[in-house]
Every structure is written in structure tokens, then in C-alpha cells.
$ cat model_5.json   # JSON, C-alpha atoms
[["chain", "number", "residue", "atom", "x", "y", "z"],
["A", 1, "MET", "CA", 7.74, -1.40, 22.68],
["A", 2, "SER", "CA", 5.01, 0.28, 24.70],
["A", 3, "SER", "CA", 1.50, 0.51, 23.29],
["A", 4, "THR", "CA", 1.28, 4.26, 23.78],
["A", 5, "THR", "CA", 1.99, 6.82, 21.11],
["A", 6, "GLY", "CA", 4.48, 9.58, 21.87],
["A", 7, "SER", "CA", 8.17, 10.39, 21.78],
["A", 8, "THR", "CA", 11.21, 9.61, 23.84],
["A", 9, "PRO", "CA", 13.79, 12.27, 24.82],
["A", 10, "PRO", "CA", 17.34, 12.03, 23.49],
["A", 11, "SER", "CA", 19.23, 9.27, 25.26],
["A", 12, "GLY", "CA", 22.60, 10.95, 24.95],
["A", 13, "GLU", "CA", 24.09, 7.55, 24.15],
["A", 14, "PRO", "CA", 26.22, 7.68, 20.99],
["A", 15, "VAL", "CA", 25.32, 5.40, 18.10],
["A", 16, "ARG", "CA", 27.78, 2.55, 17.63],
["A", 17, "CYS", "CA", 26.35, 0.91, 14.52],
["A", 18, "ALA", "CA", 24.06, 2.39, 11.89],
["A", 19, "ALA", "CA", 22.60, 0.95, 8.69],
["A", 20, "VAL", "CA", 21.87, 2.91, 5.52],
["A", 21, "LEU", "CA", 18.87, 2.69, 3.19],
["A", 22, "THR", "CA", 18.69, 4.86, 0.09],
["A", 23, "HIS", "CA", 16.52, 6.16, -2.74],
["A", 24, "GLY", "CA", 16.20, 3.88, -5.76],
["A", 25, "ARG", "CA", 18.63, 5.81, -7.96],
["A", 26, "ALA", "CA", 22.24, 5.08, -7.04],
["A", 27, "GLU", "CA", 23.56, 7.95, -9.20],
["A", 28, "THR", "CA", 21.45, 10.46, -7.23],
["A", 29, "ILE", "CA", 22.47, 9.28, -3.78],
["A", 30, "GLY", "CA", 26.08, 8.22, -4.40],
["A", 31, "PRO", "CA", 27.75, 11.52, -3.37],
["A", 32, "ALA", "CA", 25.54, 11.76, -0.27],
["A", 33, "LEU", "CA", 26.48, 8.23, 0.71],
["A", 34, "ARG", "CA", 30.14, 9.25, 0.76],
["A", 35, "ARG", "CA", 29.23, 12.18, 3.04],
["A", 36, "VAL", "CA", 27.47, 9.77, 5.41],
["A", 37, "GLU", "CA", 30.50, 7.49, 5.40],
["A", 38, "ALA", "CA", 32.76, 10.44, 6.25],
["A", 39, "ALA", "CA", 30.52, 11.54, 9.13],
["A", 40, "ALA", "CA", 30.36, 7.97, 10.46],
["A", 41, "ALA", "CA", 34.13, 7.53, 10.28],
["A", 42, "LYS", "CA", 34.70, 10.78, 12.17],
["A", 43, "ALA", "CA", 32.18, 9.77, 14.85],
["A", 44, "GLY", "CA", 33.53, 6.22, 15.17],
["A", 45, "VAL", "CA", 30.24, 4.72, 13.95],
["A", 46, "GLU", "CA", 30.24, 1.42, 12.09],
["A", 47, "LEU", "CA", 28.12, 1.64, 8.94],
["A", 48, "VAL", "CA", 26.46, -1.52, 7.65],
["A", 49, "PHE", "CA", 24.50, -2.15, 4.47],
["A", 50, "PRO", "CA", 21.85, -4.78, 3.63],
["A", 51, "GLN", "CA", 22.28, -6.89, 0.51],
["A", 52, "ASP", "CA", 20.15, -4.65, -1.73],
["A", 53, "GLU", "CA", 22.21, -1.57, -0.87],
["A", 54, "VAL", "CA", 25.49, -3.43, -1.35],
["A", 55, "SER", "CA", 24.37, -4.46, -4.82],
["A", 56, "LYS", "CA", 22.89, -1.06, -5.74],
["A", 57, "HIS", "CA", 26.00, 0.94, -4.83],
["A", 58, "GLU", "CA", 28.57, -1.79, -5.61],
["A", 59, "ILE", "CA", 29.92, -1.62, -2.07],
["A", 60, "HIS", "CA", 32.81, -3.98, -1.42],
["A", 61, "GLU", "CA", 31.68, -5.05, 2.03],
["A", 62, "THR", "CA", 29.88, -8.02, 3.53],
["A", 63, "PRO", "CA", 26.12, -7.44, 3.63],
["A", 64, "HIS", "CA", 24.48, -7.20, 7.05],
["A", 65, "GLU", "CA", 20.99, -7.61, 8.38],
["A", 66, "LEU", "CA", 19.25, -4.41, 9.44],
["A", 67, "ALA", "CA", 18.84, -6.00, 12.86],
["A", 68, "ASP", "CA", 22.59, -5.53, 13.39],
["A", 69, "ALA", "CA", 22.11, -1.74, 13.59],
["A", 70, "GLU", "CA", 20.87, 0.56, 16.37],
["A", 71, "LEU", "CA", 19.66, 3.20, 13.92],
["A", 72, "VAL", "CA", 18.92, 3.40, 10.19],
["A", 73, "VAL", "CA", 19.89, 6.47, 8.17],
["A", 74, "VAL", "CA", 17.54, 6.94, 5.22],
["A", 75, "LEU", "CA", 18.65, 8.98, 2.20],
["A", 76, "GLY", "CA", 15.62, 9.91, 0.11],
["A", 77, "GLY", "CA", 12.18, 11.50, 0.29],
["A", 78, "ASP", "CA", 8.92, 10.51, 1.92],
["A", 79, "GLY", "CA", 8.47, 7.46, -0.33],
["A", 80, "THR", "CA", 11.86, 6.10, 0.72],
["A", 81, "MET", "CA", 11.03, 6.87, 4.36],
["A", 82, "LEU", "CA", 7.73, 5.00, 4.12],
["A", 83, "ARG", "CA", 9.38, 1.94, 2.60],
["A", 84, "SER", "CA", 12.08, 2.03, 5.27],
["A", 85, "LEU", "CA", 9.67, 2.45, 8.20],
["A", 86, "ARG", "CA", 7.54, -0.41, 6.88],
["A", 87, "ARG", "CA", 10.65, -2.58, 6.47],
["A", 88, "LEU", "CA", 11.66, -1.87, 10.08],
["A", 89, "LEU", "CA", 8.29, -2.65, 11.66],
["A", 90, "GLY", "CA", 8.69, -5.02, 14.57],
["A", 91, "THR", "CA", 12.48, -4.59, 14.81],
["A", 92, "GLY", "CA", 12.54, -1.80, 17.42],
["A", 93, "ILE", "CA", 15.02, 0.11, 15.23],
["A", 94, "PRO", "CA", 14.24, 3.79, 14.47],
["A", 95, "ALA", "CA", 14.92, 5.51, 11.15],
["A", 96, "VAL", "CA", 16.16, 9.06, 10.63],
["A", 97, "GLY", "CA", 15.70, 10.66, 7.23],
["A", 98, "VAL", "CA", 17.86, 13.01, 5.15],
["A", 99, "ASN", "CA", 15.67, 14.64, 2.53],
["A", 100, "PHE", "CA", 16.54, 14.04, -1.11],
["A", 101, "GLY", "CA", 12.91, 14.15, -2.24],
["A", 102, "ARG", "CA", 10.36, 16.82, -3.06],
["A", 103, "VAL", "CA", 8.50, 17.26, 0.26],
["A", 104, "GLY", "CA", 10.36, 15.28, 2.92],
["A", 105, "PHE", "CA", 7.72, 15.69, 5.62],
["A", 106, "LEU", "CA", 8.97, 12.58, 7.42],
["A", 107, "THR", "CA", 12.64, 13.49, 7.20],
["A", 108, "ALA", "CA", 14.58, 15.31, 9.92],
["A", 109, "ILE", "CA", 17.61, 16.68, 8.05],
["A", 110, "SER", "CA", 17.85, 18.63, 4.81],
["A", 111, "GLU", "CA", 20.41, 17.63, 2.19],
["A", 112, "ARG", "CA", 22.40, 20.83, 2.77],
["A", 113, "ASP", "CA", 22.59, 20.20, 6.54],
["A", 114, "LEU", "CA", 23.70, 16.57, 6.34],
["A", 115, "ASP", "CA", 27.34, 17.32, 7.27],
["A", 116, "THR", "CA", 26.43, 19.30, 10.39],
["A", 117, "GLU", "CA", 23.31, 17.52, 11.68],
["A", 118, "LEU", "CA", 24.08, 13.84, 11.09],
["A", 119, "PRO", "CA", 27.07, 13.98, 13.51],
["A", 120, "ARG", "CA", 24.60, 15.18, 16.17],
["A", 121, "VAL", "CA", 22.45, 12.12, 15.54],
["A", 122, "PHE", "CA", 25.47, 9.83, 15.74],
["A", 123, "ALA", "CA", 26.33, 11.48, 19.08],
["A", 124, "GLY", "CA", 22.90, 10.49, 20.42],
["A", 125, "ASP", "CA", 21.22, 13.90, 20.07],
["A", 126, "TYR", "CA", 17.92, 12.67, 18.64],
["A", 127, "ARG", "CA", 14.50, 11.60, 19.87],
["A", 128, "VAL", "CA", 12.21, 8.83, 18.66],
["A", 129, "ILE", "CA", 8.54, 9.35, 17.84],
["A", 130, "GLU", "CA", 6.26, 6.31, 17.96],
["A", 131, "LEU", "CA", 3.61, 6.48, 15.24],
["A", 132, "PRO", "CA", 0.55, 4.23, 14.81],
["A", 133, "THR", "CA", 0.33, 1.83, 11.89],
["A", 134, "LEU", "CA", -2.59, 0.08, 10.23],
["A", 135, "GLU", "CA", -3.47, -3.56, 9.61],
["A", 136, "VAL", "CA", -5.75, -4.60, 6.77],
["A", 137, "ASP", "CA", -7.29, -8.06, 6.43],
["A", 138, "LEU", "CA", -8.50, -9.13, 2.99],
["A", 139, "ASP", "CA", -9.42, -12.65, 1.94],
["A", 140, "GLY", "CA", -7.23, -14.25, 4.61],
["A", 141, "GLU", "CA", -4.21, -12.02, 3.98],
["A", 142, "ARG", "CA", -3.00, -9.44, 6.48],
["A", 143, "ARG", "CA", -0.90, -6.46, 5.41],
["A", 144, "ALA", "CA", 0.63, -3.61, 7.42],
["A", 145, "ALA", "CA", 0.56, 0.02, 6.33],
["A", 146, "VAL", "CA", 2.48, 3.01, 7.67],
["A", 147, "ASN", "CA", 0.58, 5.70, 5.76],
["A", 148, "ASP", "CA", -2.84, 4.56, 4.63],
["A", 149, "VAL", "CA", -5.16, 1.83, 3.40],
["A", 150, "VAL", "CA", -7.41, 2.70, 0.45],
["A", 151, "ALA", "CA", -10.38, 0.84, -1.01],
["A", 152, "ALA", "CA", -11.19, 2.27, -4.43],
["A", 153, "SER", "CA", -12.93, 1.48, -7.68],
["A", 154, "ALA", "CA", -10.87, -0.84, -9.86],
["A", 155, "THR", "CA", -12.19, 1.02, -12.92],
["A", 156, "VAL", "CA", -11.06, 4.63, -13.26],
["A", 157, "GLY", "CA", -14.00, 6.97, -13.74],
["A", 158, "ARG", "CA", -16.62, 4.61, -12.29],
["A", 159, "MET", "CA", -18.00, 4.99, -8.80],
["A", 160, "VAL", "CA", -18.35, 2.12, -6.37],
["A", 161, "GLU", "CA", -20.93, 1.71, -3.63],
["A", 162, "LEU", "CA", -19.25, 0.91, -0.34],
["A", 163, "ALA", "CA", -20.99, -0.18, 2.85],
["A", 164, "TRP", "CA", -19.00, 0.71, 5.97],
["A", 165, "SER", "CA", -19.19, -0.07, 9.65],
["A", 166, "VAL", "CA", -17.07, 0.84, 12.66],
["A", 167, "GLY", "CA", -16.94, -1.32, 15.76],
["A", 168, "GLY", "CA", -19.69, -3.54, 14.37],
["A", 169, "GLU", "CA", -22.13, -0.66, 13.88],
["A", 170, "SER", "CA", -23.30, 0.06, 10.34],
["A", 171, "LEU", "CA", -22.80, 3.58, 9.04],
["A", 172, "GLY", "CA", -24.66, 2.94, 5.79],
["A", 173, "ARG", "CA", -23.64, 2.86, 2.14],
["A", 174, "GLN", "CA", -21.86, 5.50, 0.12],
["A", 175, "ALA", "CA", -21.43, 5.96, -3.64],
["A", 176, "CYS", "CA", -17.88, 7.25, -4.13],
["A", 177, "ASP", "CA", -14.55, 6.73, -5.83],
["A", 178, "GLY", "CA", -13.19, 5.10, -2.66],
["A", 179, "ILE", "CA", -12.39, 5.47, 1.02],
["A", 180, "ILE", "CA", -9.08, 6.33, 2.69],
["A", 181, "CYS", "CA", -8.10, 5.08, 6.13],
["A", 182, "ALA", "CA", -5.02, 7.03, 7.25],
["A", 183, "THR", "CA", -2.64, 7.12, 10.20],
["A", 184, "PRO", "CA", -1.44, 10.45, 11.64],
["A", 185, "PRO", "CA", 1.60, 10.53, 9.30],
["A", 186, "GLY", "CA", -0.62, 9.40, 6.43],
["A", 187, "SER", "CA", -3.18, 12.11, 7.20],
["A", 188, "THR", "CA", -1.00, 14.72, 5.48],
["A", 189, "ALA", "CA", -0.91, 12.74, 2.22],
["A", 190, "TYR", "CA", -3.84, 11.39, 0.13],
["A", 191, "ASN", "CA", -6.23, 12.08, 3.01],
["A", 192, "LEU", "CA", -5.30, 15.78, 3.08],
["A", 193, "SER", "CA", -5.70, 16.04, -0.71],
["A", 194, "ASN", "CA", -9.29, 14.83, -0.30],
["A", 195, "GLY", "CA", -10.18, 17.35, 2.39],
["A", 196, "GLY", "CA", -9.56, 15.09, 5.36],
["A", 197, "PRO", "CA", -8.29, 16.47, 8.69],
["A", 198, "VAL", "CA", -4.66, 16.38, 9.73],
["A", 199, "LEU", "CA", -3.95, 14.17, 12.76],
["A", 200, "VAL", "CA", -1.14, 15.58, 14.85],
["A", 201, "TRP", "CA", 1.65, 13.12, 15.68],
["A", 202, "GLY", "CA", 0.92, 11.75, 19.15],
["A", 203, "ILE", "CA", -2.75, 11.02, 18.45],
["A", 204, "ASP", "CA", -3.45, 7.27, 18.57],
["A", 205, "ALA", "CA", -6.21, 7.19, 15.98],
["A", 206, "MET", "CA", -7.02, 6.75, 12.29],
["A", 207, "VAL", "CA", -9.05, 9.02, 10.04],
["A", 208, "LEU", "CA", -11.61, 7.78, 7.50],
["A", 209, "THR", "CA", -12.17, 10.01, 4.46],
["A", 210, "PHE", "CA", -14.24, 9.24, 1.36],
["A", 211, "VAL", "CA", -12.87, 10.04, -2.08],
["A", 212, "ALA", "CA", -15.32, 12.05, -4.20],
["A", 213, "PRO", "CA", -18.47, 10.95, -2.31],
["A", 214, "HIS", "CA", -21.69, 11.55, -4.23],
["A", 215, "THR", "CA", -23.38, 13.45, -1.40],
["A", 216, "LEU", "CA", -23.35, 16.82, 0.34],
["A", 217, "HIS", "CA", -23.43, 15.36, 3.83],
["A", 218, "ILE", "CA", -20.65, 12.79, 4.40],
["A", 219, "ARG", "CA", -17.73, 13.99, 6.52],
["A", 220, "PRO", "CA", -14.42, 12.42, 7.61],
["A", 221, "LEU", "CA", -14.45, 10.41, 10.82],
["A", 222, "VAL", "CA", -11.64, 10.05, 13.36],
["A", 223, "VAL", "CA", -11.62, 6.61, 15.02],
["A", 224, "PRO", "CA", -9.58, 5.71, 18.14],
["A", 225, "ARG", "CA", -7.69, 2.50, 18.75],
["A", 226, "GLY", "CA", -9.94, -0.51, 19.21],
["A", 227, "PRO", "CA", -12.82, -0.52, 16.71],
["A", 228, "ASP", "CA", -12.35, -2.11, 13.27],
["A", 229, "LEU", "CA", -13.46, -0.45, 10.07],
["A", 230, "VAL", "CA", -15.18, -2.97, 7.78],
["A", 231, "ILE", "CA", -15.63, -2.01, 4.12],
["A", 232, "THR", "CA", -17.93, -4.07, 1.90],
["A", 233, "ASN", "CA", -18.27, -3.64, -1.84],
["A", 234, "ARG", "CA", -22.00, -3.34, -2.58],
["A", 235, "SER", "CA", -21.54, -2.35, -6.22],
["A", 236, "VAL", "CA", -23.35, -4.45, -8.77],
["A", 237, "GLY", "CA", -20.97, -5.95, -11.30],
["A", 238, "LEU", "CA", -18.09, -3.64, -10.39],
["A", 239, "GLN", "CA", -14.91, -4.66, -8.62],
["A", 240, "ALA", "CA", -13.01, -2.53, -6.12],
["A", 241, "THR", "CA", -9.38, -2.89, -5.10],
["A", 242, "VAL", "CA", -7.57, -2.50, -1.76],
["A", 243, "LEU", "CA", -4.16, -0.85, -1.45],
["A", 244, "ALA", "CA", -1.77, -0.49, 1.50],
["A", 245, "ASP", "CA", 0.65, 2.44, 1.21],
["A", 246, "GLY", "CA", -0.14, 2.55, -2.51],
["A", 247, "HIS", "CA", 0.64, -1.13, -3.12],
["A", 248, "PRO", "CA", -2.13, -3.56, -4.13],
["A", 249, "VAL", "CA", -3.33, -5.94, -1.43],
["A", 250, "GLY", "CA", -5.95, -7.58, -3.62],
["A", 251, "PRO", "CA", -9.32, -7.22, -5.34],
["A", 252, "LEU", "CA", -12.54, -6.52, -3.49],
["A", 253, "PRO", "CA", -15.27, -8.20, -5.57],
["A", 254, "GLU", "CA", -18.99, -7.64, -5.21],
["A", 255, "ASP", "CA", -20.15, -8.36, -1.61],
["A", 256, "ALA", "CA", -16.58, -9.00, -0.40],
["A", 257, "SER", "CA", -15.26, -7.22, 2.71],
["A", 258, "ALA", "CA", -11.97, -5.90, 4.06],
["A", 259, "SER", "CA", -11.29, -4.86, 7.66],
["A", 260, "VAL", "CA", -8.87, -2.19, 8.82],
["A", 261, "ARG", "CA", -7.66, -1.36, 12.32],
["A", 262, "LEU", "CA", -4.81, 0.34, 14.12],
["A", 263, "GLY", "CA", -1.97, -2.17, 14.22],
["A", 264, "ALA", "CA", 0.03, -3.50, 17.15],
["A", 265, "ASP", "CA", 3.37, -2.36, 15.67],
["A", 266, "ARG", "CA", 4.61, 1.22, 15.79],
["A", 267, "SER", "CA", 6.77, 2.91, 13.21],
["A", 268, "LEU", "CA", 9.75, 4.52, 14.94],
["A", 269, "LEU", "CA", 10.70, 7.88, 13.47],
["A", 270, "ALA", "CA", 13.94, 9.44, 14.70],
["A", 271, "THR", "CA", 14.28, 13.21, 14.50],
["A", 272, "LEU", "CA", 16.35, 16.05, 15.89],
["A", 273, "PRO", "CA", 15.01, 17.36, 19.23],
["A", 274, "GLU", "CA", 14.11, 20.77, 17.78],
["A", 275, "VAL", "CA", 12.24, 19.35, 14.77],
["A", 276, "THR", "CA", 8.55, 19.32, 15.68],
["A", 277, "PHE", "CA", 5.35, 18.33, 13.91],
["A", 278, "PHE", "CA", 4.08, 21.91, 13.84],
["A", 279, "GLY", "CA", 7.37, 23.25, 12.53],
["A", 280, "ARG", "CA", 7.38, 20.67, 9.74],
["A", 281, "TYR", "CA", 3.70, 21.36, 9.00],
["A", 282, "ALA", "CA", 4.27, 25.10, 8.68],
["A", 283, "ALA", "CA", 7.39, 24.67, 6.55],
["A", 284, "THR", "CA", 5.69, 22.18, 4.22],
["A", 285, "PHE", "CA", 2.18, 23.58, 3.84],
["A", 286, "GLY", "CA", 2.82, 27.28, 4.39],
["A", 287, "ARG", "CA", 2.23, 29.69, 7.23]]

$ encode --input "model_5.json" --output "C-alpha cells"
Amino acid sequence: MSSTTGSTPPSGEPVRCAAVLTHGRAETIGPALRRVEAAAAKAGVELVFPQDEVSKHEIHETPHELADAELVVVLGGDGTMLRSLRRLLGTGIPAVGVNFGRVGFLTAISERDLDTELPRVFAGDYRVIELPTLEVDLDGERRAAVNDVVAASATVGRMVELAWSVGGESLGRQACDGIICATPPGSTAYNLSNGGPVLVWGIDAMVLTFVAPHTLHIRPLVVPRGPDLVITNRSVGLQATVLADGHPVGPLPEDASASVRLGADRSLLATLPEVTFFGRYAATFGR
């Protein structure tokens, strides 16, 4: 995988083997799964399922590793897409989403269009967008994130004081509820809700946005690939916590530090050629 961020044009090569990952509720996705199976059978595509999907849907087939597939079809919303993209990091396998969630910003196909658009994907009519990821180091543990890394107060309603530096240069201390470090796909999530800027897909950078900062002057900061963000908890007697894509990484006690950077891996998002970032942005957030 190249280290640049961008997209590849459709290869035109038909998919021979695809895996399926689904939303947590089998009863919600079951009918859609049968539609995917029908589309795959018509296109001559072998469908494979990892062990968790075999068990969830009671599929009477031998489980396969995701590495056996050329493409993963994801049935669910943005949460399912995030879990799938994170699961596929380092494999070189892209994921294409069919939206069964509320927003579906990362998905390429609506539920109603599954029967017409998925055959196009199976025929090779899709492109792959390479998106930056994050790495966070905390107390000797390294964790990858597709969306964002957050350092926040471990006690709801109490501010923490965070010291922060970028590229080894101190940017001071800030009393706040926390700080968000987001990728371009993550910039339209928690970051956006806190007034942070949207990073267009194709930008190889991360955005740093404070949550409820107790100041009139702090603004978000966009940081390119290379420099590390180091966050240190300078609160007295108050613990912070670090999360990657909403999942706890670990506590950040007084005077402890965590570092965040753009990761070496890329998440590989497959989409239809006509589905663009700006089209999705307008459809999701209004014109």
C-alpha cells in the first residue's frame, strides 16, 4: 500500500470472492443477507463468512478468514463500517458499505438500491479511497483508530487541565472537558459536533479540537503527517481517560502522557465511482 492518500479508479476486474460483515442484530440484517447471496450467485461471486458471522446467522458453511476475500461487503451503518475498517487494517482488503444505519456517511449503497448497485460492485465498477488512520500510545500500549482518539475527563461534569504539544513544541495548557484528535472521516463525527472543521477525504492530516474549552481564544488545529501530538494530564487529583474510536484505551492519571500520530496503515473504503465526498456531505448535512 502506498503512503499517499487518494483514490484508485475502478479496475474493471470482477470480484471473485467477497466476505460479508454485518450489524450486530441478526434479525435486522437477515433479509438483506439473502439479497446479497442472490446478487453474488447471479454474478458468480463466492461469498465467505468469518466465524462470528457464521455463528450469528446460523450459516451452514465452513468459516473463512477475511484474508480469503478480495472485498468485504458491510451491511450496517457507520458504526459497523468503522468496526469493519478497523478489523481490515493491514490486510489490503477494501470494504464497501450498504447502509442499514441512521446516517451512513461511510456507506456507498442505500438499502433500497442494494439489488441494483451491488451487482455493479461485483462486476468491478467501484473505486477505493485510502483514508488516514491514527495511532495512540499510552503506557506502553499502542492502539489504532479509524475515526478519532479522545482524551477526556474520567469524571462527567468535571474539567481536566491538559498540556499539549505538537512536534515537540509546547502549545500550553487548557482547562476543558477533553481533546479530540480526528482523521478526515472522523472529522464529520464528534469533531464536527464540537465545532471542529471538516477535513475533505484526500487530505493527509488530523484535526485537534478541544471539547468545551474554558477560554474564548482556543481554536482547532490541523496537523499534517509527521508531528506527534502529546497530551499530558496536568489536573490535580483528577484522572482522565483515553479512547480510540469510542473504546477505552486506558486511564490517563495525573502527569501521565499519551501520544497520537497519523498511522502507517490506511483504511480502504470502496465506493461507487459516482459517490463523492461532497455529494455525501451535502446529502447528510444539508444543502

$ closest_residue --input "model_5.json" --among "A:Cys17, A:Val242, A:Val156, A:Leu262" --to "A:Asp139" --atoms "all atoms listed in the file"
A:Val242

$ closest_residue --input "model_5.json" --among "A:Ala182, A:Ala108, A:Leu66, A:Val211" --to "A:Gly90" --atoms "all atoms listed in the file"
A:Leu66

$ residues_around --input "model_5.json" --residues "stretch 22-25 of chain A" --least-positions-apart "5" --cutoff "12 Å" --atoms "only C-alpha atoms" --output "MDAnalysis selection string"
chainID A and resid 30:33 36 49:50 52:57 72:84 95:101

$ atom_distance --input "model_5.json" --atom1 "atom CA of A:Pro213" --atom2 "atom CA of A:Tyr190"
14.8 Å

$ closest_residue --input "model_5.json" --among "A:His214, A:Thr116, A:Ile59, A:Asn194" --to "A:Gln174" --atoms "all atoms listed in the file"
A:His214

$ residues_around --input "model_5.json" --residues "A:Ala163" --least-positions-apart "6" --cutoff "8 Å" --atoms "only C-alpha atoms" --output "ChimeraX atom specification"
/A:170-174,231-234

$ residues_around --input "model_5.json" --residues "A:Gly250" --least-positions-apart "6" --cutoff "8 Å" --atoms "all atoms listed in the file" --output "CSV table (one decimal) with C-alpha atoms, in the frame of the given file"
chain,number,residue,atom,x,y,z
A,138,LEU,CA,-8.5,-9.1,3.0
A,241,THR,CA,-9.4,-2.9,-5.1
A,242,VAL,CA,-7.6,-2.5,-1.8
A,243,LEU,CA,-4.2,-0.8,-1.4

$ residues_around --input "model_5.json" --residues "A:Ser193" --least-positions-apart "5" --cutoff "12 Å" --atoms "all atoms listed in the file" --output "number ranges by chain"
A: 180, 186-188, 198, 209-212, 285

$ residues_around --input "model_5.json" --residues "A:Trp201" --least-positions-apart "4" --cutoff "10 Å" --atoms "only C-alpha atoms" --output "list in words"
Thr5, Gly6, Ser7, Ile129, Glu130, Leu131, Pro132, Thr183, Pro184, Pro185, Ser187, Ala205, Thr276, Phe277 and Phe278 of chain A

$ atom_distance --input "model_5.json" --atom1 "atom CA of A:Trp164" --atom2 "atom CA of A:Ser257"
9.4 Å

$ axis_aligned_box --input "model_5.json" --around "stretch 166-174 of chain A" --padding-each-side "5 Å" --output "JSON"
{"center_x": -20.8, "center_y": 1.0, "center_z": 7.9, "size_x": 17.7, "size_y": 19.0, "size_z": 25.6}

$ closest_residue --input "model_5.json" --among "A:Arg142, A:Ala283, A:Val149, A:Asp68" --to "A:Asn191" --atoms "only C-alpha atoms"
A:Val149

$ atom_distance --input "model_5.json" --atom1 "atom CA of A:Pro253" --atom2 "atom CA of A:Ala175"
15.6 Å

$ closest_residue --input "model_5.json" --among "A:Val249, A:Ala240, A:Ala69, A:Leu229" --to "A:Val45" --atoms "only C-alpha atoms"
A:Ala69

$ closest_residue --input "model_5.json" --among "A:Leu71, A:Val150, A:Ala18, A:Ala282" --to "A:Tyr126" --atoms "only C-alpha atoms"
A:Leu71

$ residues_near_point --input "model_5.json" --point "(26.1, 11.5, 13.5)" --cutoff "8 Å" --atoms "all atoms listed in the file" --output "compact mmCIF listing (two decimals) with C-alpha atoms, keeping the file's coordinate frame"
# COMPACT_ATOMS: atom_id res chain seq x y z
CA VAL A 15 25.32 5.40 18.10
CA ALA A 39 30.52 11.54 9.13
CA ALA A 40 30.36 7.97 10.46
CA ALA A 43 32.18 9.77 14.85
CA VAL A 45 30.24 4.72 13.95
CA GLU A 117 23.31 17.52 11.68
CA LEU A 118 24.08 13.84 11.09
CA PRO A 119 27.07 13.98 13.51
CA ARG A 120 24.60 15.18 16.17
CA VAL A 121 22.45 12.12 15.54
CA PHE A 122 25.47 9.83 15.74
CA ALA A 123 26.33 11.48 19.08
CA GLY A 124 22.90 10.49 20.42

$ build_atoms --input "model_5.json" --residues "stretch 162-176 of chain A" --atoms "N, CA, C and O atoms" --output "mmCIF file, in the coordinates of the input"
data_model
loop_
_atom_site.group_PDB
_atom_site.id
_atom_site.type_symbol
_atom_site.label_atom_id
_atom_site.label_comp_id
_atom_site.auth_asym_id
_atom_site.auth_seq_id
_atom_site.Cartn_x
_atom_site.Cartn_y
_atom_site.Cartn_z
ATOM 1 N N LEU A 162 -19.898 1.570 -1.459
ATOM 2 C CA LEU A 162 -19.250 0.910 -0.340
ATOM 3 C C LEU A 162 -20.124 1.003 0.909
ATOM 4 O O LEU A 162 -20.554 2.100 1.296
ATOM 5 N N ALA A 163 -20.374 -0.153 1.524
ATOM 6 C CA ALA A 163 -20.990 -0.180 2.850
ATOM 7 C C ALA A 163 -19.855 -0.126 3.871
ATOM 8 O O ALA A 163 -18.804 -0.734 3.663
ATOM 9 N N TRP A 164 -20.073 0.600 4.964
ATOM 10 C CA TRP A 164 -19.000 0.710 5.970
ATOM 11 C C TRP A 164 -19.566 0.652 7.371
ATOM 12 O O TRP A 164 -20.689 1.088 7.632
ATOM 13 N N SER A 165 -18.809 0.027 8.241
ATOM 14 C CA SER A 165 -19.190 -0.070 9.650
ATOM 15 C C SER A 165 -17.958 0.126 10.508
ATOM 16 O O SER A 165 -16.831 -0.171 10.076
ATOM 17 N N VAL A 166 -18.160 0.634 11.705
ATOM 18 C CA VAL A 166 -17.070 0.840 12.660
ATOM 19 C C VAL A 166 -17.477 0.210 13.981
ATOM 20 O O VAL A 166 -18.567 0.492 14.497
ATOM 21 N N GLY A 167 -16.630 -0.667 14.496
ATOM 22 C CA GLY A 167 -16.940 -1.320 15.760
ATOM 23 C C GLY A 167 -18.191 -2.168 15.703
ATOM 24 O O GLY A 167 -18.894 -2.319 16.711
ATOM 25 N N GLY A 168 -18.515 -2.702 14.526
ATOM 26 C CA GLY A 168 -19.690 -3.540 14.370
ATOM 27 C C GLY A 168 -20.987 -2.794 14.140
ATOM 28 O O GLY A 168 -22.046 -3.417 13.993
ATOM 29 N N GLU A 169 -20.938 -1.465 14.102
ATOM 30 C CA GLU A 169 -22.130 -0.660 13.880
ATOM 31 C C GLU A 169 -22.140 -0.102 12.461
ATOM 32 O O GLU A 169 -21.201 0.576 12.044
ATOM 33 N N SER A 170 -23.198 -0.386 11.729
ATOM 34 C CA SER A 170 -23.300 0.060 10.340
ATOM 35 C C SER A 170 -23.433 1.577 10.255
ATOM 36 O O SER A 170 -24.178 2.200 11.009
ATOM 37 N N LEU A 171 -22.699 2.149 9.313
ATOM 38 C CA LEU A 171 -22.800 3.580 9.040
ATOM 39 C C LEU A 171 -23.378 3.831 7.649
ATOM 40 O O LEU A 171 -23.297 4.937 7.124
ATOM 41 N N GLY A 172 -23.950 2.773 7.056
ATOM 42 C CA GLY A 172 -24.660 2.940 5.790
ATOM 43 C C GLY A 172 -23.823 2.590 4.579
ATOM 44 O O GLY A 172 -22.797 1.908 4.658
ATOM 45 N N ARG A 173 -24.317 3.070 3.421
ATOM 46 C CA ARG A 173 -23.640 2.860 2.140
ATOM 47 C C ARG A 173 -23.308 4.222 1.536
ATOM 48 O O ARG A 173 -24.004 5.202 1.790
ATOM 49 N N GLN A 174 -22.238 4.245 0.732
ATOM 50 C CA GLN A 174 -21.860 5.500 0.120
ATOM 51 C C GLN A 174 -21.357 5.265 -1.307
ATOM 52 O O GLN A 174 -20.430 4.467 -1.519
ATOM 53 N N ALA A 175 -21.957 5.951 -2.273
ATOM 54 C CA ALA A 175 -21.430 5.960 -3.640
ATOM 55 C C ALA A 175 -20.242 6.921 -3.670
ATOM 56 O O ALA A 175 -20.343 8.070 -3.207
ATOM 57 N N CYS A 176 -19.108 6.461 -4.208
ATOM 58 C CA CYS A 176 -17.880 7.250 -4.130
ATOM 59 C C CYS A 176 -16.838 6.658 -5.066
ATOM 60 O O CYS A 176 -17.060 5.622 -5.694
#
